[in-house]
2 protein chains.
Amino acid sequence: MTAHSAIGAPPLVAHGGRLDAARRLFPDAPQPWIDLSTGVNPRAYPLPPLDDEVFTRLPDDDAFAALDGAARKAYGAPAGADVVPGGGAQAFIQMLPRVFPAKRVAILGFTYAEHAACWAAMGAQVEMVETIDALANADVGVIVAPNNPDGRVVGPQDILSAATQMSQRGLLIVDESFMDFTPEASVAGFAQNESLVVLRSFGKAYGLPGLRLGFALCSRARGAKLRAALGPWAVSGPALAIGARALADQAWRIGAARACAGHAARLDALLTQAGFHIMGGTTLFRLAANPQAPRWFAHLAARGILTRGFADRPDWLRFGLPPNEAAWARLAAALESVDGD
Amino acid sequence: MTAHSAIGAPPLVAHGGRLDAARRLFPDAPQPWIDLSTGVNPRAYPLPPLDDEVFTRLPDDDAFAALDGAARKAYGAPAGADVVPGGGAQAFIQMLPRVFPAKRVAILGFTYAEHAACWAAMGAQVEMVETIDALANADVGVIVAPNNPDGRVVGPQDILSAATQMSQRGLLIVDESFMDFTPEASVAGFAQNESLVVLRSFGKAYGLPGLRLGFALCSRARGAKLRAALGPWAVSGPALAIGARALADQAWRIGAARACAGHAARLDALLTQAGFHIMGGTTLFRLAANPQAPRWFAHLAARGILTRGFADRPDWLRFGLPPNEAAWARLAAALESVDGD
């Protein structure tokens, strides 16, 4: 297998986190694999003990109310907004084109591919645009903020002004899946605006993507439509219990933000030293460019380190944060030279 | 509050399992509440210890493959069928009208209200019919088998012949949410049929509804559409891990079926002695009629025992299985007389 075929292999570019595919493609890599292919915090919120009832009973209104209270406070949602919980931000990305169908969709690119894919699957005409002003010509605009993979930040005022410019019945979707550690840049506080839907992910910053928990913050009218589509019990008992507790824990969030910022700076230094150019990212992942990126991808994978490549941008690699000192040491050793240099 | 207003209160008739609402309506009831309002097995599958990775990693293909293998075998799905996992049978009830839209829907009634509600919400003209033959005139037919709440069984041959009679592009939805303990009556073995979608619930028979896990069994073509609508990671890590293990445990399922049958017979005897007429049900719940049903509902609730009433059928109550001997004793004592008798 060549480096290009490895990085271009569909299982490894479709999404991060495909360790199972990596194991099959690189069966001789040393164990354990270090998964740097996602933007998930490797230092997860400590799992609390769970009552059996979390599993053995249908989630009830009280459990949803507790999650709602914690999420509202954590995200700074106004009282006039609905905070709709669902099975991950992805669940809402899937659902928005069905619940709020539109013909012309503009997406501020380059960004997370699922927005375009889900709108196109529902027959929308999807255009990737390069400026926020170009969103206003469409029925639906999409901004990922901060952006995945490059971390591009669009200021809240610019986002709100774009929402105002959308046609009267238009909708601006702001995917804030990576916003937890930079809450000052969030537009969640304006989510009651009829032209806005703000998506939040729980799993990434809290390191618990297996729980499947995310939110759509929007007007009460739009929220009612999303809730009707989701139906009752759209979130599991474990997600309700852990999510309510973690989102209420501001001290943990502040500490995690600080820790991730430190790890991100350390990663930048390591990658720069290895000849990568840091393009950006968030404090949960770094985007780095290198003309030899496909070779680096294969070199790292052969050493049991999975990064994230991009089929359309072969000179880019995205690196998540190493989970512990052993992983830092393996990454540093692997970055000392690429094969053949 | 009168007995009638209690039973008619929307929080207690919309769905079972609303202990939070019951606590507010009957604040003086003895603790702990005994929840007989659902059809959930009160003796749950023993929760295995869960690896942290179930929470800290995105569910990967291997986890989905393990669940798929276990579910196929447990349900007897043919190789030509797709077994699509999702966040509970309800998630599919919500999704089917969006993915397979239809104008005329016929539902074999009286049954679980969510089918009619979800089709009507998408603009379908919904007719409740009394015979299976009447389904064939519609674009979509719905059969709940065994039926909730009365346990009515429609034979597999009759269901398959109804599927054949549906118009060429028609669809017959068979909701087998309560089929686990009577697998011989299932049509899951015919799920590759283009005219069939068979729904299965994990949480009810296995006593773990908080996990949110269910399946749609259907042709590969229909499965691809459902999977596209669900998107990646539609099932949580805990649901994948516990579901795969429990569905592979045939010995537990056989033992649970036997135990529930015994408890159902014991419940019938108790209710009959109290003057109820047993209408039917499954071995996970019993439907009982009594002219004094609304008074019985309030009488039992005042004693901390929640049953399920039906707004349209005021003489019916549905009873789930008591979870332990203490609950049996409280139920027996409470059934000795209704207030005022």
# chains A, B, ... in the order shown; residues from 1 in each chain; ligands from 1

$ select_by_dssp --residues "segment 97-256 of chain A" --states "strand (DSSP E or B)" --output "ChimeraX atom specification"
/A:104-108,125-129,140-144,171-175,196-201,214-219

$ residues_around --residues "Arg220 of chain A" --least-positions-apart "5" --cutoff "10 Å" --atoms "only C-alpha atoms" --output "tab-separated table (two decimals) with N, CA, C and O atoms, in the first residue's frame"
chain	number	residue	atom	x	y	z
A	79	ALA	N	-33.81	32.91	27.94
A	79	ALA	CA	-35.06	32.26	28.33
A	79	ALA	C	-35.99	32.08	27.14
A	79	ALA	O	-36.76	31.12	27.07
A	80	GLY	N	-35.92	32.97	26.18
A	80	GLY	CA	-36.82	32.88	25.03
A	80	GLY	C	-36.44	31.81	24.03
A	80	GLY	O	-37.20	31.54	23.09
A	81	ALA	N	-35.29	31.20	24.21
A	81	ALA	CA	-34.83	30.18	23.26
A	81	ALA	C	-35.21	28.78	23.74
A	81	ALA	O	-35.36	28.54	24.93
A	82	ASP	N	-35.35	27.88	22.79
A	82	ASP	CA	-35.51	26.47	23.12
A	82	ASP	C	-34.13	25.82	23.04
A	82	ASP	O	-33.31	26.20	22.20
A	83	VAL	N	-33.88	24.88	23.93
A	83	VAL	CA	-32.62	24.13	23.93
A	83	VAL	C	-33.03	22.67	23.73
A	83	VAL	O	-33.43	21.99	24.67
A	84	VAL	N	-32.96	22.20	22.50
A	84	VAL	CA	-33.50	20.89	22.14
A	84	VAL	C	-32.39	19.85	22.22
A	84	VAL	O	-31.39	19.97	21.51
A	191	ALA	N	-29.98	32.83	20.51
A	191	ALA	CA	-30.61	31.70	19.81
A	191	ALA	C	-32.12	31.83	19.71
A	191	ALA	O	-32.76	31.05	19.00
A	192	GLN	N	-32.72	32.81	20.40
A	192	GLN	CA	-34.17	32.99	20.24
A	192	GLN	C	-34.52	33.60	18.89
A	192	GLN	O	-35.67	33.58	18.46
A	193	ASN	N	-33.51	34.12	18.20
A	193	ASN	CA	-33.68	34.74	16.87
A	193	ASN	C	-34.23	33.71	15.87
A	193	ASN	O	-33.66	32.64	15.69
A	194	GLU	N	-35.34	34.05	15.22
A	194	GLU	CA	-35.99	33.11	14.29
A	194	GLU	C	-35.09	32.69	13.15
A	194	GLU	O	-35.31	31.65	12.52
A	225	LYS	N	-40.82	22.26	16.23
A	225	LYS	CA	-40.74	21.39	15.04
A	225	LYS	C	-39.66	20.33	15.19
A	225	LYS	O	-39.84	19.17	14.80
A	226	LEU	N	-38.53	20.72	15.74
A	226	LEU	CA	-37.46	19.73	15.95
A	226	LEU	C	-37.90	18.67	16.97
A	226	LEU	O	-37.66	17.48	16.79

$ interface_residues --of "chain A" --to "chain B" --cutoff "7 Å" --atoms "only C-alpha atoms" --output "list in words"
Gly17, Arg18, Asp20, Ala44, Val54, Phe55, Thr56, Arg57, Leu58, Pro59, Asp60, Asp61, Asp62, Gln94, Gly207, Leu208, Pro209, Gly210, Leu211, Arg212, Ala229, Leu230, Gly231, Ser236 and Gly237 of chain A

$ residues_around --residues "Leu335 of chain A" --least-positions-apart "3" --cutoff "9 Å" --atoms "only C-alpha atoms" --output "list in words"
Leu270, Leu271, Gln273, Ala274, Trp296, His299, Leu300, Arg330, Leu331, Ala332 and Val338 of chain A

$ closest_residue --among "A:His263, A:Arg308, A:Arg286, A:Arg169" --to "Asn324 of chain A" --atoms "only C-alpha atoms"
A:His263

$ residues_around --residues "Gln168 of chain B" --least-positions-apart "3" --cutoff "10 Å" --atoms "only C-alpha atoms" --output "ChimeraX atom specification"
/B:139,163-165,171,194-195

$ write_last_selection --atoms "N, CA and C atoms" --output "PDB file, in the first residue's frame"
ATOM      1  N   ASP B 139     -51.781   3.218   1.183  1.00  0.00           N
ATOM      2  CA  ASP B 139     -50.394   3.183   0.711  1.00  0.00           C
ATOM      3  C   ASP B 139     -49.487   2.538   1.754  1.00  0.00           C
ATOM      4  N   ALA B 163     -49.082  -8.109   3.296  1.00  0.00           N
ATOM      5  CA  ALA B 163     -47.977  -7.409   2.619  1.00  0.00           C
ATOM      6  C   ALA B 163     -48.072  -7.617   1.112  1.00  0.00           C
ATOM      7  N   THR B 164     -48.421  -8.836   0.716  1.00  0.00           N
ATOM      8  CA  THR B 164     -48.549  -9.136  -0.708  1.00  0.00           C
ATOM      9  C   THR B 164     -49.687  -8.351  -1.339  1.00  0.00           C
ATOM     10  N   GLN B 165     -50.747  -8.157  -0.545  1.00  0.00           N
ATOM     11  CA  GLN B 165     -51.909  -7.443  -1.090  1.00  0.00           C
ATOM     12  C   GLN B 165     -51.704  -5.936  -1.181  1.00  0.00           C
ATOM     13  N   LEU B 171     -46.399  -0.269   1.542  1.00  0.00           N
ATOM     14  CA  LEU B 171     -45.518  -0.675   2.635  1.00  0.00           C
ATOM     15  C   LEU B 171     -46.366  -1.118   3.818  1.00  0.00           C
ATOM     16  N   GLU B 194     -39.720  -6.304   0.052  1.00  0.00           N
ATOM     17  CA  GLU B 194     -39.757  -4.846  -0.194  1.00  0.00           C
ATOM     18  C   GLU B 194     -40.979  -4.180   0.429  1.00  0.00           C
ATOM     19  N   SER B 195     -42.039  -4.957   0.663  1.00  0.00           N
ATOM     20  CA  SER B 195     -43.273  -4.378   1.194  1.00  0.00           C
ATOM     21  C   SER B 195     -43.337  -4.369   2.710  1.00  0.00           C
TER      22      SER B 195
END

$ residues_around --residues "Ser161 of chain A" --least-positions-apart "4" --cutoff "10 Å" --atoms "only C-alpha atoms" --output "ChimeraX atom specification"
/A:132-133,136,155-157,165-166

$ residues_around --residues "Gln250 of chain A" --least-positions-apart "6" --cutoff "12 Å" --atoms "only C-alpha atoms" --output "list of chain:residue names"
A:Tyr45, A:Ala70, A:Ala71, A:Lys73, A:Ala74, A:Tyr75, A:Asp180, A:Phe181, A:Pro183, A:Tyr206, A:Ala244, A:Ala256, A:Ala257

$ select_by_dssp --residues "segment 68-315 of chain B" --states "helix (DSSP H, G or I)" --output "ChimeraX atom specification"
/B:68-75,89-99,114-121,132-137,156-165,183-185,188-190,203-206,209-211,220-230,237-247,250-273,293-302

$ residues_around --residues "segment 142-144 of chain A" --least-positions-apart "4" --cutoff "9 Å" --atoms "only C-alpha atoms" --output "short mmCIF file (atom, residue, chain, number, x, y, z; two decimals) with C-alpha atoms, in the first residue's frame"
data_model
loop_
_atom_site.label_atom_id
_atom_site.label_comp_id
_atom_site.auth_asym_id
_atom_site.auth_seq_id
_atom_site.Cartn_x
_atom_site.Cartn_y
_atom_site.Cartn_z
CA VAL A 105 -27.99 26.31 0.69
CA ALA A 106 -24.69 28.18 1.08
CA ILE A 107 -21.94 26.83 3.33
CA LEU A 108 -18.92 28.80 4.45
CA GLY A 109 -16.14 26.42 3.39
CA THR A 111 -15.55 22.79 6.49
CA TYR A 112 -17.01 19.63 8.02
CA HIS A 115 -23.54 19.71 6.30
CA ILE A 132 -19.90 35.34 5.10
CA LEU A 135 -24.45 33.37 2.66
CA ASN A 148 -13.40 22.43 11.56
CA ARG A 152 -11.40 29.94 11.56
CA VAL A 153 -13.39 32.19 13.88
CA VAL A 154 -16.23 34.35 12.67
CA ILE A 159 -22.75 36.07 12.46
CA LEU A 171 -32.14 30.34 8.31
CA LEU A 172 -28.54 30.61 9.44
CA ILE A 173 -27.17 27.42 11.01
CA VAL A 174 -24.20 28.00 13.27
CA ASP A 175 -22.45 24.76 14.15
CA GLU A 176 -20.67 25.48 17.43
CA SER A 177 -19.54 21.88 17.98
CA PHE A 178 -16.09 23.11 19.06
#

$ atom_distance --atom1 "atom CA of Leu321 of chain A" --atom2 "atom CA of Ile278 of chain A"
14.3 Å
